[in-house]
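protein.cif follows; it contains mmCIF, C-alpha atoms and all ligand atoms.
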data_target
loop_
_atom_site.group_PDB
_atom_site.id
_atom_site.type_symbol
_atom_site.label_atom_id
_atom_site.label_comp_id
_atom_site.auth_asym_id
_atom_site.auth_seq_id
_atom_site.Cartn_x
_atom_site.Cartn_y
_atom_site.Cartn_z
ATOM 1 C CA MET A 26 -35.874 0.685 5.053
ATOM 2 C CA ARG A 27 -36.128 3.492 2.564
ATOM 3 C CA GLU A 28 -36.721 6.069 5.243
ATOM 4 C CA ASN A 29 -33.874 7.656 7.097
ATOM 5 C CA SER A 30 -34.536 6.391 10.598
ATOM 6 C CA ALA A 31 -33.133 6.908 14.074
ATOM 7 C CA LEU A 32 -33.552 5.114 17.370
ATOM 8 C CA ILE A 33 -34.411 7.077 20.514
ATOM 9 C CA VAL A 34 -33.799 5.216 23.781
ATOM 10 C CA VAL A 35 -35.698 7.112 26.470
ATOM 11 C CA ASP A 36 -34.441 7.493 30.061
ATOM 12 C CA MET A 37 -32.965 4.012 30.674
ATOM 13 C CA GLN A 38 -31.492 5.262 33.948
ATOM 14 C CA ASN A 39 -30.862 3.587 37.287
ATOM 15 C CA ASP A 40 -33.462 5.572 39.208
ATOM 16 C CA PHE A 41 -36.226 4.232 36.931
ATOM 17 C CA CYS A 42 -35.032 0.638 37.364
ATOM 18 C CA ALA A 43 -35.060 -1.839 40.276
ATOM 19 C CA ASN A 44 -33.549 -0.278 43.443
ATOM 20 C CA GLY A 45 -33.875 3.215 41.968
ATOM 21 C CA SER A 46 -35.794 6.034 43.650
ATOM 22 C CA LEU A 47 -38.654 5.966 41.133
ATOM 23 C CA PRO A 48 -38.619 2.373 39.905
ATOM 24 C CA VAL A 49 -40.809 1.431 36.964
ATOM 25 C CA LYS A 50 -42.113 -2.081 37.500
ATOM 26 C CA ASP A 51 -40.068 -4.532 35.399
ATOM 27 C CA GLY A 52 -38.185 -1.584 33.902
ATOM 28 C CA ASP A 53 -34.954 -3.584 33.750
ATOM 29 C CA THR A 54 -36.522 -6.350 31.705
ATOM 30 C CA ILE A 55 -36.532 -4.254 28.540
ATOM 31 C CA VAL A 56 -32.754 -3.701 28.549
ATOM 32 C CA PRO A 57 -31.917 -6.827 26.483
ATOM 33 C CA VAL A 58 -34.688 -5.982 24.016
ATOM 34 C CA LEU A 59 -33.395 -2.437 23.626
ATOM 35 C CA ASN A 60 -29.928 -3.886 23.072
ATOM 36 C CA GLY A 61 -31.391 -5.942 20.236
ATOM 37 C CA TYR A 62 -32.761 -2.803 18.598
ATOM 38 C CA ILE A 63 -29.495 -0.933 19.148
ATOM 39 C CA GLU A 64 -27.597 -3.696 17.377
ATOM 40 C CA LEU A 65 -29.966 -3.602 14.396
ATOM 41 C CA PHE A 66 -29.824 0.160 14.090
ATOM 42 C CA LYS A 67 -26.049 0.234 14.310
ATOM 43 C CA ALA A 68 -25.726 -2.512 11.697
ATOM 44 C CA ALA A 69 -28.066 -0.590 9.390
ATOM 45 C CA GLY A 70 -25.980 2.578 9.838
ATOM 46 C CA PHE A 71 -28.728 4.514 11.618
ATOM 47 C CA LEU A 72 -28.173 7.009 14.418
ATOM 48 C CA VAL A 73 -28.868 6.073 18.039
ATOM 49 C CA PHE A 74 -29.976 8.758 20.498
ATOM 50 C CA ALA A 75 -30.321 8.205 24.260
ATOM 51 C CA THR A 76 -32.247 10.679 26.367
ATOM 52 C CA ARG A 77 -31.447 11.211 30.028
ATOM 53 C CA ASP A 78 -33.539 12.874 32.701
ATOM 54 C CA TRP A 79 -31.036 15.266 34.283
ATOM 55 C CA HIS A 80 -32.544 17.282 37.100
ATOM 56 C CA PRO A 81 -31.032 19.915 39.365
ATOM 57 C CA GLU A 82 -31.448 19.179 43.096
ATOM 58 C CA LYS A 83 -34.187 21.767 43.268
ATOM 59 C CA THR A 84 -36.849 21.531 40.574
ATOM 60 C CA ILE A 85 -40.612 21.988 40.332
ATOM 61 C CA HIS A 86 -40.636 18.354 39.123
ATOM 62 C CA PHE A 87 -40.014 17.004 42.643
ATOM 63 C CA ALA A 88 -42.776 16.648 45.248
ATOM 64 C CA LYS A 89 -40.834 18.609 47.841
ATOM 65 C CA TYR A 90 -40.930 21.654 45.560
ATOM 66 C CA GLY A 91 -44.566 21.295 44.547
ATOM 67 C CA GLY A 92 -44.236 18.660 41.820
ATOM 68 C CA LYS A 93 -45.393 15.103 41.490
ATOM 69 C CA TRP A 94 -42.318 12.932 41.941
ATOM 70 C CA PRO A 95 -39.777 11.714 44.490
ATOM 71 C CA VAL A 96 -36.223 12.959 43.940
ATOM 72 C CA HIS A 97 -34.719 11.100 40.953
ATOM 73 C CA CYS A 98 -32.089 11.439 38.224
ATOM 74 C CA VAL A 99 -30.242 14.292 39.884
ATOM 75 C CA GLN A 100 -27.370 15.538 37.720
ATOM 76 C CA GLY A 101 -24.142 13.628 38.289
ATOM 77 C CA THR A 102 -25.574 10.999 40.663
ATOM 78 C CA LYS A 103 -25.506 7.215 40.294
ATOM 79 C CA GLY A 104 -29.276 7.226 39.899
ATOM 80 C CA ALA A 105 -28.967 9.373 36.795
ATOM 81 C CA GLU A 106 -26.519 7.003 35.083
ATOM 82 C CA PHE A 107 -27.713 4.720 32.320
ATOM 83 C CA HIS A 108 -28.443 1.107 33.250
ATOM 84 C CA LYS A 109 -25.121 -0.709 33.259
ATOM 85 C CA ASP A 110 -26.289 -3.427 30.852
ATOM 86 C CA LEU A 111 -27.564 -1.005 28.205
ATOM 87 C CA ASN A 112 -25.179 -1.351 25.259
ATOM 88 C CA LEU A 113 -25.177 2.174 23.979
ATOM 89 C CA PRO A 114 -22.777 2.564 21.062
ATOM 90 C CA LYS A 115 -19.784 4.835 21.615
ATOM 91 C CA ASP A 116 -21.196 7.335 19.161
ATOM 92 C CA ALA A 117 -24.695 7.371 20.680
ATOM 93 C CA ARG A 118 -25.904 10.941 20.956
ATOM 94 C CA ILE A 119 -26.872 11.859 24.499
ATOM 95 C CA ILE A 120 -29.880 14.131 24.859
ATOM 96 C CA THR A 121 -30.474 15.929 28.160
ATOM 97 C CA THR A 122 -33.962 16.785 29.461
ATOM 98 C CA GLY A 123 -35.350 18.439 32.596
ATOM 99 C CA ASP A 124 -32.092 20.150 33.521
ATOM 100 C CA LEU A 125 -33.642 23.505 34.396
ATOM 101 C CA PRO A 126 -35.451 24.130 37.723
ATOM 102 C CA ASP A 127 -38.755 24.983 36.013
ATOM 103 C CA ASP A 128 -38.697 22.236 33.395
ATOM 104 C CA GLU A 129 -40.469 18.896 33.918
ATOM 105 C CA GLY A 130 -38.539 17.516 30.968
ATOM 106 C CA TYR A 131 -40.959 14.832 29.817
ATOM 107 C CA SER A 132 -40.388 15.210 26.076
ATOM 108 C CA GLY A 133 -37.110 13.955 24.656
ATOM 109 C CA ILE A 134 -37.850 15.919 21.489
ATOM 110 C CA GLN A 135 -37.442 19.123 23.570
ATOM 111 C CA GLY A 136 -34.181 17.812 25.015
ATOM 112 C CA ARG A 137 -30.819 19.113 23.868
ATOM 113 C CA ASP A 138 -27.598 17.575 22.615
ATOM 114 C CA PRO A 139 -24.210 18.526 24.125
ATOM 115 C CA SER A 140 -23.990 21.549 21.815
ATOM 116 C CA GLY A 141 -27.371 22.826 23.037
ATOM 117 C CA ARG A 142 -29.260 21.894 19.879
ATOM 118 C CA LEU A 143 -32.835 20.649 20.323
ATOM 119 C CA LEU A 144 -33.322 16.979 19.480
ATOM 120 C CA SER A 145 -35.993 17.950 16.931
ATOM 121 C CA GLN A 146 -33.395 20.102 15.171
ATOM 122 C CA ALA A 147 -30.638 17.492 15.444
ATOM 123 C CA LEU A 148 -32.973 14.971 13.771
ATOM 124 C CA LYS A 149 -33.866 17.408 10.997
ATOM 125 C CA ASP A 150 -30.206 18.295 10.477
ATOM 126 C CA SER A 151 -29.467 14.593 9.958
ATOM 127 C CA GLY A 152 -32.332 14.190 7.498
ATOM 128 C CA ILE A 153 -34.230 11.805 9.760
ATOM 129 C CA ASP A 154 -37.894 11.337 8.905
ATOM 130 C CA ARG A 155 -38.825 8.425 11.154
ATOM 131 C CA VAL A 156 -37.952 7.808 14.790
ATOM 132 C CA TYR A 157 -38.317 4.559 16.734
ATOM 133 C CA VAL A 158 -38.950 5.197 20.420
ATOM 134 C CA GLY A 159 -38.511 2.805 23.358
ATOM 135 C CA GLY A 160 -37.522 2.997 27.033
ATOM 136 C CA LEU A 161 -39.120 4.430 30.184
ATOM 137 C CA ALA A 162 -41.759 5.299 30.973
ATOM 138 C CA THR A 163 -44.620 4.475 28.598
ATOM 139 C CA ASP A 164 -47.068 6.859 30.262
ATOM 140 C CA TYR A 165 -44.686 9.822 30.715
ATOM 141 C CA CYS A 166 -41.459 10.375 28.803
ATOM 142 C CA VAL A 167 -42.090 7.797 26.080
ATOM 143 C CA LYS A 168 -45.608 9.145 25.502
ATOM 144 C CA GLU A 169 -44.529 12.797 25.438
ATOM 145 C CA THR A 170 -41.561 12.059 23.182
ATOM 146 C CA VAL A 171 -43.801 10.177 20.753
ATOM 147 C CA LEU A 172 -46.580 12.800 20.708
ATOM 148 C CA ASP A 173 -44.097 15.642 20.414
ATOM 149 C CA GLY A 174 -42.288 13.824 17.615
ATOM 150 C CA LEU A 175 -45.547 13.487 15.693
ATOM 151 C CA ARG A 176 -46.323 17.171 16.290
ATOM 152 C CA ALA A 177 -42.885 18.108 14.968
ATOM 153 C CA GLY A 178 -43.679 16.243 11.746
ATOM 154 C CA PHE A 179 -41.742 13.003 12.210
ATOM 155 C CA LYS A 180 -43.167 9.569 11.563
ATOM 156 C CA VAL A 181 -42.958 7.707 14.851
ATOM 157 C CA THR A 182 -42.888 4.020 15.720
ATOM 158 C CA VAL A 183 -43.203 2.831 19.324
ATOM 159 C CA LEU A 184 -41.099 -0.206 20.283
ATOM 160 C CA GLY A 185 -44.007 -2.192 21.709
ATOM 161 C CA ASP A 186 -41.793 -4.769 23.426
ATOM 162 C CA ALA A 187 -39.217 -2.297 24.788
ATOM 163 C CA ILE A 188 -41.298 0.052 26.952
ATOM 164 C CA LYS A 189 -42.675 -0.115 30.514
ATOM 165 C CA GLY A 190 -44.966 2.280 32.349
ATOM 166 C CA VAL A 191 -45.287 3.810 35.813
ATOM 167 C CA ASP A 192 -49.081 3.350 36.036
ATOM 168 C CA VAL A 193 -49.680 5.819 38.867
ATOM 169 C CA LYS A 194 -53.315 5.132 37.978
ATOM 170 C CA LYS A 195 -54.123 1.619 36.820
ATOM 171 C CA GLY A 196 -54.402 1.545 33.025
ATOM 172 C CA ASP A 197 -52.264 4.666 32.398
ATOM 173 C CA SER A 198 -49.867 2.801 30.104
ATOM 174 C CA GLU A 199 -52.707 1.258 28.145
ATOM 175 C CA ARG A 200 -54.327 4.664 27.749
ATOM 176 C CA ALA A 201 -50.979 6.140 26.694
ATOM 177 C CA MET A 202 -50.620 3.465 23.994
ATOM 178 C CA LYS A 203 -54.127 4.210 22.725
ATOM 179 C CA GLU A 204 -53.408 7.927 22.588
ATOM 180 C CA MET A 205 -50.106 7.450 20.757
ATOM 181 C CA THR A 206 -51.608 5.177 18.106
ATOM 182 C CA LYS A 207 -54.698 7.354 17.724
ATOM 183 C CA LYS A 208 -52.457 10.344 17.015
ATOM 184 C CA GLY A 209 -50.641 8.370 14.316
ATOM 185 C CA ALA A 210 -47.828 6.387 15.926
ATOM 186 C CA ASP A 211 -47.066 2.901 14.618
ATOM 187 C CA VAL A 212 -46.047 0.036 16.898
ATOM 188 C CA ILE A 213 -43.439 -2.628 16.178
ATOM 189 C CA THR A 214 -41.686 -5.549 17.892
ATOM 190 C CA LEU A 215 -38.048 -6.588 17.613
ATOM 191 C CA LYS A 216 -38.999 -9.638 15.526
ATOM 192 C CA ASP A 217 -40.873 -7.504 12.992
ATOM 193 C CA MET A 218 -38.105 -4.923 12.992
ATOM 194 C CA LYS A 219 -35.574 -7.604 12.070
ATOM 195 C CA ALA A 220 -37.782 -8.742 9.194
ATOM 196 C CA LEU A 221 -38.243 -5.151 8.031
ATOM 197 C CA ILE A 222 -34.532 -4.417 7.970
ATOM 198 C CA LYS A 223 -33.774 -7.722 6.224
ATOM 199 C CA LYS A 224 -36.387 -7.034 3.544
ATOM 200 C CA ALA A 225 -34.943 -3.572 2.911
ATOM 201 C CA GLY A 226 -31.480 -5.080 2.587
HETATM 202 C C1 LIG B 1 -40.415 9.996 33.928
HETATM 203 C C2 LIG B 1 -41.776 10.168 35.746
HETATM 204 C C3 LIG B 1 -41.053 11.221 36.206
HETATM 205 C C4 LIG B 1 -40.067 9.280 32.667
HETATM 206 C C5 LIG B 1 -39.680 11.062 34.372
HETATM 207 O O1 LIG B 1 -38.864 9.233 32.295
HETATM 208 O O2 LIG B 1 -40.993 8.746 32.032
HETATM 209 N N1 LIG B 1 -41.455 9.567 34.610
HETATM 210 N N2 LIG B 1 -40.018 11.668 35.513
#

Let's see the structure in the file written out as structure tokens.
Amino acid sequence: MRENSALIVVDMQNDFCANGSLPVKDGDTIVPVLNGYIELFKAAGFLVFATRDWHPEKTIHFAKYGGKWPVHCVQGTKGAEFHKDLNLPKDARIITTGDLPDDEGYSGIQGRDPSGRLLSQALKDSGIDRVYVGGLATDYCVKETVLDGLRAGFKVTVLGDAIKGVDVKKGDSERAMKEMTKKGADVITLKDMKALIKKAG
């Protein structure tokens, strides 16, 4: 690939997986696929970012404080840890979202690295012009990260076989996919990604 690319793995945390407090149906099933992408990106020398939803106990994001969701991904809890089978590289850059009481934290692009730098800035500082986005959930954090990435001027590719949605309303994930592609996102699968990287040498 000629472009300088990075992988963004969105919110692959226990609470969004089976037995979590806000489980995304079949959320776990994308872990091996994401691991396939991670391997490719590492081998190609590209950066890997992993976002994590990282809420305080009290936040406007939770239903009991006026928000939409059950309590999930509270800072420092088991539910906020990454799925144990996700093979994040040692040098993966962790991006924190939703860690303030008035912040829903849907967009990974607005998340911050350990030094407090916005992900959008961290990407620019590394000369990244295209991001590949997969993880959970298609109709919330993946969608917002993709749309925000496009707005910030990045080219964005959705990992079509490494996302799953919440579907609070039936069809939400499908509508999210339509919106992302309409706004300019590309979609790829692991098989095509392998071919692309091979072709680029
Ligand atoms: C998410 C619902 C609530 C997500 C986060 O990571 O997509 N979804 N909070």

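Near A:Glu82, within 12 Å and counting all atoms listed in the file, sit Phe87, Ala88, Lys89, Tyr90, Pro95, Val96, His97, Cys98, Val99, Gln100, Gly101, Thr102, Ala105, Gly123, Asp124, Leu125, Pro126 and Asp127 of chain A; same-chain residues fewer than 5 positions away were not included.
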
Neighbours of point (-44.1, 2.4, 20.5) within 9 Å, using all atoms listed in the file, written as a PyMOL selection string: chain A and resi 157-159+163+167-168+171+181-188+202+205-206+210-214

Output C-alpha atoms of each residue in that selection to a file, as a PDB file, keeping the file's coordinate frame.
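In the end it all went to part-v4.pdb:
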ATOM      1  CA  TYR A 157     -38.317   4.559  16.734  1.00  0.00           C
ATOM      2  CA  VAL A 158     -38.950   5.197  20.420  1.00  0.00           C
ATOM      3  CA  GLY A 159     -38.511   2.805  23.358  1.00  0.00           C
ATOM      4  CA  THR A 163     -44.620   4.475  28.598  1.00  0.00           C
ATOM      5  CA  VAL A 167     -42.090   7.797  26.080  1.00  0.00           C
ATOM      6  CA  LYS A 168     -45.608   9.145  25.502  1.00  0.00           C
ATOM      7  CA  VAL A 171     -43.801  10.177  20.753  1.00  0.00           C
ATOM      8  CA  VAL A 181     -42.958   7.707  14.851  1.00  0.00           C
ATOM      9  CA  THR A 182     -42.888   4.020  15.720  1.00  0.00           C
ATOM     10  CA  VAL A 183     -43.203   2.831  19.324  1.00  0.00           C
ATOM     11  CA  LEU A 184     -41.099  -0.206  20.283  1.00  0.00           C
ATOM     12  CA  GLY A 185     -44.007  -2.192  21.709  1.00  0.00           C
ATOM     13  CA  ASP A 186     -41.793  -4.769  23.426  1.00  0.00           C
ATOM     14  CA  ALA A 187     -39.217  -2.297  24.788  1.00  0.00           C
ATOM     15  CA  ILE A 188     -41.298   0.052  26.952  1.00  0.00           C
ATOM     16  CA  MET A 202     -50.620   3.465  23.994  1.00  0.00           C
ATOM     17  CA  MET A 205     -50.106   7.450  20.757  1.00  0.00           C
ATOM     18  CA  THR A 206     -51.608   5.177  18.106  1.00  0.00           C
ATOM     19  CA  ALA A 210     -47.828   6.387  15.926  1.00  0.00           C
ATOM     20  CA  ASP A 211     -47.066   2.901  14.618  1.00  0.00           C
ATOM     21  CA  VAL A 212     -46.047   0.036  16.898  1.00  0.00           C
ATOM     22  CA  ILE A 213     -43.439  -2.628  16.178  1.00  0.00           C
ATOM     23  CA  THR A 214     -41.686  -5.549  17.892  1.00  0.00           C
TER      24      THR A 214
END

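Run against this file, the PyMOL selection byres (((chain A and resi 149) around 12) and not hetatm) gives back Asn29, Ser30, Ala31, Ile134, Arg142, Leu143, Leu144, Ser145, Gln146, Ala147, Leu148, Asp150, Ser151, Gly152, Ile153, Asp154, Arg155, Val156, Gly174, Ala177, Gly178 and Phe179 of chain A.
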
Residues returned when the PyMOL selection byres (((chain A and resi 52) around 12) and not hetatm) runs on this file, as JSON, numbers by chain: {"A": [35, 36, 37, 38, 39, 40, 41, 42, 43, 44, 45, 47, 48, 49, 50, 51, 53, 54, 55, 56, 57, 58, 59, 108, 159, 160, 161, 162, 163, 186, 187, 188, 189, 190, 191]}

What are the centre and edge lengths in Å, to one decimal, of the axis-aligned box around all listed atoms of ligand LIG 1 (chain B) with 8 Å added on each side, as lines of an AutoDock Vina configuration file?
center_x = -40.3
center_y = 10.2
center_z = 34.1
size_x = 18.9
size_y = 18.9
size_z = 20.2
